[in-house]
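Participant: Once you've had a glance at the structure underneath, I'll fire off some questions.
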There are 2 protein chains.
Amino acid sequence: MALKTAIEQNDSPWPLYQQVKQLIIRRIQAGHWQPGSKIPTENDLVETLGMSRMTINRAIRELTNDGHLIRRRGSGTFVAPRKPRMGLLEIRSIADEIREQGGIHHCDVHLLDEERVNKELAAQTGFEPGSVIFHSVTIHRNGRNPIQMADRYVNPLLAPDYLNQDFTKITPSEYLLHTTPLTEANISIDAISPDRQICRLLEITAKEPCLLIRRTTWSKKTLATSSRFISPSSRYSIEGSFKPRSTSQQILA
Amino acid sequence: MALKTAIEQNDSPWPLYQQVKQLIIRRIQAGHWQPGSKIPTENDLVETLGMSRMTINRAIRELTNDGHLIRRRGSGTFVAPRKPRMGLLEIRSIADEIREQGGIHHCDVHLLDEERVNKELAAQTGFEPGSVIFHSVTIHRNGRNPIQMADRYVNPLLAPDYLNQDFTKITPSEYLLHTTPLTEANISIDAISPDRQICRLLEITAKEPCLLIRRTTWSKKTLATSSRFISPSSRYSIEGSFKPRSTSQQILA
DNA sequence: GAGTGGTCTAGACCACGGA
DNA sequence: CCGTGGTCTAGACCACTCA
């Protein structure tokens, strides 16, 4: 069965319950398991994947806590109707946001190449000086309207096939999401005035303030990506809503 | 032993691992286990409480995900040094941030009054037209340097004493935090060019791009606060780091 | 090497939902 | 009633840290 083959050759450095989580997430994202539909029971998965029920249970329980699944005792486990609520740090895929607002998402690839890390780049990104990394610059548009420039440096070890992707079809975010599970992220948000190059790429004037989002991600302590996202504030802003999860997180007013 | 007596009479409707979580939380909050100090090992607790290690492990694991504890394999489990790390949506108190960087926080009160909600304000904030709400405008400074303007509308029902506070001593955030437990929040972040009033209050030129943060909070479905925070980007930016809680929320790259 | 946490297993009992 | 998820147990092996 397809479910099983995904995991049975187990060279993965990840624990089993993590692999199960990733497997389920991919199934959902690939559309094999639609929102609202029932997924296999714990016992099904125990048989199919040949693991203990506690392992399956932990995977499903954590996905439920994260909002991907909904469980009803006596009835079954279902794919959550919408996307999980997010902490702000996990910012949504801009392609999703555009599509969800009824827009049409395009992605122009302005650069996609490998590059040797010099001192300056090393200081900016944290990658090893002298090593070779992938570099992409893409523009996300809604119809004709440029919404965001994404300037990414990617660790080749974690996404060796990065240069061969067609980013007009799958966004770098989406590709990386399926490639490497990221375990940690750092983010900063600033307001800036765009320089000339940004103005040209985003088709705006220098007067228009922009949001600058810097994001660095890790996969188990190895640096995965270091990116800059720049959006004209007239066309993009960050939004989120929040409920405390377990017991006592505080919300500031 | 004290630890054990807390649970041994087990009429509790809560599952065991929950009781263990509560027990540990209480120990921490009562100060028996100080921040940074080591707490008993899993095996200690297994013996003391007479439960299986998996049960103890789940309790401690979840507390770790919530940020109350820190675990180091081979070394032990420790009470987390500060407040639990937060998702970005709970943005830190600016007073804390300033103080933590070695600055000196001041708060000027530029306005503190009640106000009748007209149509325009109702549309902006979501408060009932015609009702009376509290309104404050404060400037947070680091030494002489203005860092942020905070423009707040507050529901009098949830903070009836708001107008009598001395916000030069306790910030509105801190006051509201102690007054009403907030259950939900909405946030948006934009980049803007400051208008003339903002320029004056923050002592900047109109050229300098600013971050505009809008935050609305609820307490059990009643609107609590609706606020605008404006900061010059040269003096303030939003930063955060993120670890998935139960270990695989998605992080975008 | 002893102690620690991280994970996994193969069972078990229970509470709930739906036929 | 059966199948579902929710929890719990008593073991086990491993990777890591520290003395």
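Chain lettering (A, B, ...) mirrors the order of the structure tokens, residue numbering begins at 1 for each chain separately, and ligand numbering begins at 1 in order of display.
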Taking only C-alpha atoms (C1' of nucleotides) into account, which residues of chain B are within 12 Å of chain C, as an NGL selection string?

Facilitator: :B and (15 or 40-44 or 53-54 or 56-58 or 60-61 or 70-78)

Participant: Store the residues of this selection in a file with C-alpha atoms, as a compact mmCIF listing (two decimals), in the first residue's frame.

Facilitator:
# COMPACT_ATOMS: atom_id res chain seq x y z
CA PRO B 15 -6.43 12.18 33.29
CA PRO B 40 13.06 15.65 39.54
CA THR B 41 13.90 13.23 36.76
CA GLU B 42 11.29 11.16 35.05
CA ASN B 43 12.36 8.12 36.98
CA ASP B 44 12.12 10.02 40.26
CA ARG B 53 7.12 6.57 32.73
CA MET B 54 5.11 7.27 29.58
CA ILE B 56 5.15 11.26 33.37
CA ASN B 57 6.89 11.79 30.06
CA ARG B 58 3.76 13.07 28.38
CA ILE B 60 6.65 16.90 31.06
CA ARG B 61 6.79 16.90 27.29
CA ILE B 70 13.43 23.04 29.30
CA ARG B 71 14.82 19.57 28.79
CA ARG B 72 18.36 18.53 28.04
CA ARG B 73 18.99 14.94 27.22
CA GLY B 74 21.64 13.47 29.42
CA SER B 75 21.39 16.34 31.79
CA GLY B 76 17.93 16.90 33.14
CA THR B 77 14.74 18.94 33.13
CA PHE B 78 14.77 22.55 34.27

Participant: Could you pull out the strand (DSSP E or B) residues of stretch 113-246 of chain B from DSSP and send them as an MDAnalysis selection string?

Facilitator: chainID B and resid 113:116 132:142 145:154 184:192 210:219 222:232 238:242

Participant: Of the candidates B:Val46, B:Ala185, B:Ile213, B:Leu16, which one gets nearest to D:DT7 if we count only C-alpha atoms (C1' of nucleotides)?

Facilitator: B:Leu16

Participant: Please return as a ChimeraX atom specification: the residues of stretch 49-160 of chain A that backbone DSSP assigns to helix (DSSP H, G or I).

Facilitator: /A:49,53-65,94-100,119-125

Participant: Using only C-alpha atoms (C1' of nucleotides), find the residues of chain D whose closest atom to chain A is at most 9 Å away, then write them as a count of residues only.

Facilitator: 4

Participant: Give me, as a ChimeraX atom specification, all polymer residues having an atom no more than 12 Å from B:Ala80, counting only C-alpha atoms (C1' of nucleotides) and skipping those fewer than 2 positions away in the same chain.

Facilitator: /B:25,28-29,33-39,63-72,77-78,82-85

Participant: Could you write out the selected residues, including C-alpha atoms, as a compact mmCIF listing (two decimals), in the first residue's frame?

Facilitator:
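File written: part00.txt
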# COMPACT_ATOMS: atom_id res chain seq x y z
CA ILE B 25 2.82 24.05 37.35
CA ILE B 28 6.67 26.30 39.91
CA GLN B 29 4.16 29.01 40.59
CA TRP B 33 10.90 24.99 41.98
CA GLN B 34 12.75 28.12 40.96
CA PRO B 35 13.40 29.21 37.37
CA GLY B 36 16.58 27.63 36.11
CA SER B 37 16.63 24.91 38.73
CA LYS B 38 16.45 21.23 38.05
CA ILE B 39 13.26 19.35 38.71
CA LEU B 63 4.88 21.45 29.63
CA THR B 64 8.08 21.72 27.66
CA ASN B 65 6.18 22.47 24.47
CA ASP B 66 4.28 25.17 26.33
CA GLY B 67 7.55 26.71 27.39
CA HIS B 68 7.33 26.06 31.10
CA LEU B 69 10.22 23.63 31.17
CA ILE B 70 13.43 23.04 29.30
CA ARG B 71 14.82 19.57 28.79
CA ARG B 72 18.36 18.53 28.04
CA THR B 77 14.74 18.94 33.13
CA PHE B 78 14.77 22.55 34.27
CA ARG B 82 11.48 33.40 31.98
CA LYS B 83 7.98 33.62 30.73
CA PRO B 84 7.12 31.02 28.19
CA ARG B 85 8.16 31.91 24.68

Participant: Could you list, as a PyMOL selection string, every residue within 12 Å of B:His106, counting only C-alpha atoms (C1' of nucleotides) and ignoring same-chain residues fewer than 2 positions away?

Facilitator: chain B and resi 94-96+98-99+103-104+108-109+138-149+167-171

Participant: What would the file look like if the residues just selected were written as a CSV table (one decimal), in the first residue's frame with C-alpha atoms?

Facilitator:
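Result written to selection-v4.csv:
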chain,number,residue,atom,x,y,z
B,94,ILE,CA,7.4,47.2,24.8
B,95,ALA,CA,8.4,48.2,28.3
B,96,ASP,CA,10.0,44.8,28.8
B,98,ILE,CA,13.3,48.4,26.3
B,99,ARG,CA,14.3,47.4,29.7
B,103,GLY,CA,17.2,51.0,28.1
B,104,ILE,CA,15.2,53.1,30.5
B,108,ASP,CA,4.1,59.9,28.5
B,109,VAL,CA,0.3,60.1,28.7
B,138,THR,CA,0.6,57.2,25.2
B,139,ILE,CA,4.2,57.5,24.0
B,140,HIS,CA,6.8,55.0,25.0
B,141,ARG,CA,10.3,56.3,25.2
B,142,ASN,CA,13.7,54.9,25.7
B,143,GLY,CA,15.4,57.6,27.6
B,144,ARG,CA,14.5,60.7,25.5
B,145,ASN,CA,13.9,58.7,22.4
B,146,PRO,CA,10.3,58.1,21.4
B,147,ILE,CA,9.9,54.5,20.4
B,148,GLN,CA,6.2,53.9,20.0
B,149,MET,CA,2.9,55.7,20.0
B,167,PHE,CA,0.4,55.0,33.2
B,168,THR,CA,3.7,56.6,33.8
B,169,LYS,CA,4.2,53.8,36.4
B,170,ILE,CA,2.4,50.8,34.9
B,171,THR,CA,1.9,50.6,31.2

Participant: Report, in Å with one decimal, the straight-line distance from atom CA of B:His135 to atom CA of B:Arg200.

Facilitator: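 That distance, rounded to one decimal, is 19.7 Å.
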
Participant: List the spatial neighbours of B:Val117 as a PDB file with N, CA and C atoms, in the first residue's frame - criterion: any atom at most 6 Å away, only C-alpha atoms (C1' of nucleotides), same-chain residues fewer than 6 positions off excluded.

Facilitator:
ATOM      1  N   PRO B 129     -21.834  51.859  18.350  1.00  0.00           N
ATOM      2  CA  PRO B 129     -22.049  53.297  18.181  1.00  0.00           C
ATOM      3  C   PRO B 129     -22.914  53.817  19.328  1.00  0.00           C
ATOM      4  N   GLY B 130     -22.577  54.978  19.839  1.00  0.00           N
ATOM      5  CA  GLY B 130     -23.373  55.570  20.914  1.00  0.00           C
ATOM      6  C   GLY B 130     -22.887  55.223  22.306  1.00  0.00           C
ATOM      7  N   SER B 131     -22.165  54.120  22.445  1.00  0.00           N
ATOM      8  CA  SER B 131     -21.676  53.760  23.775  1.00  0.00           C
ATOM      9  C   SER B 131     -20.471  54.626  24.142  1.00  0.00           C
TER      10      SER B 131
END

Participant: Could you tell me how far atom CA of A:Phe127 sits from atom CA of A:Asp161, in Å to one decimal place?

Facilitator: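 Atom CA of A:Asp161 sits 18.5 Å away from atom CA of A:Phe127.
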
Participant: Between A:Ser226, A:Asn164, A:Thr217, A:Gln124, which one has atoms that come closest to A:Leu177, using only C-alpha atoms?

Facilitator: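 Nearest to A:Leu177: A:Thr217.
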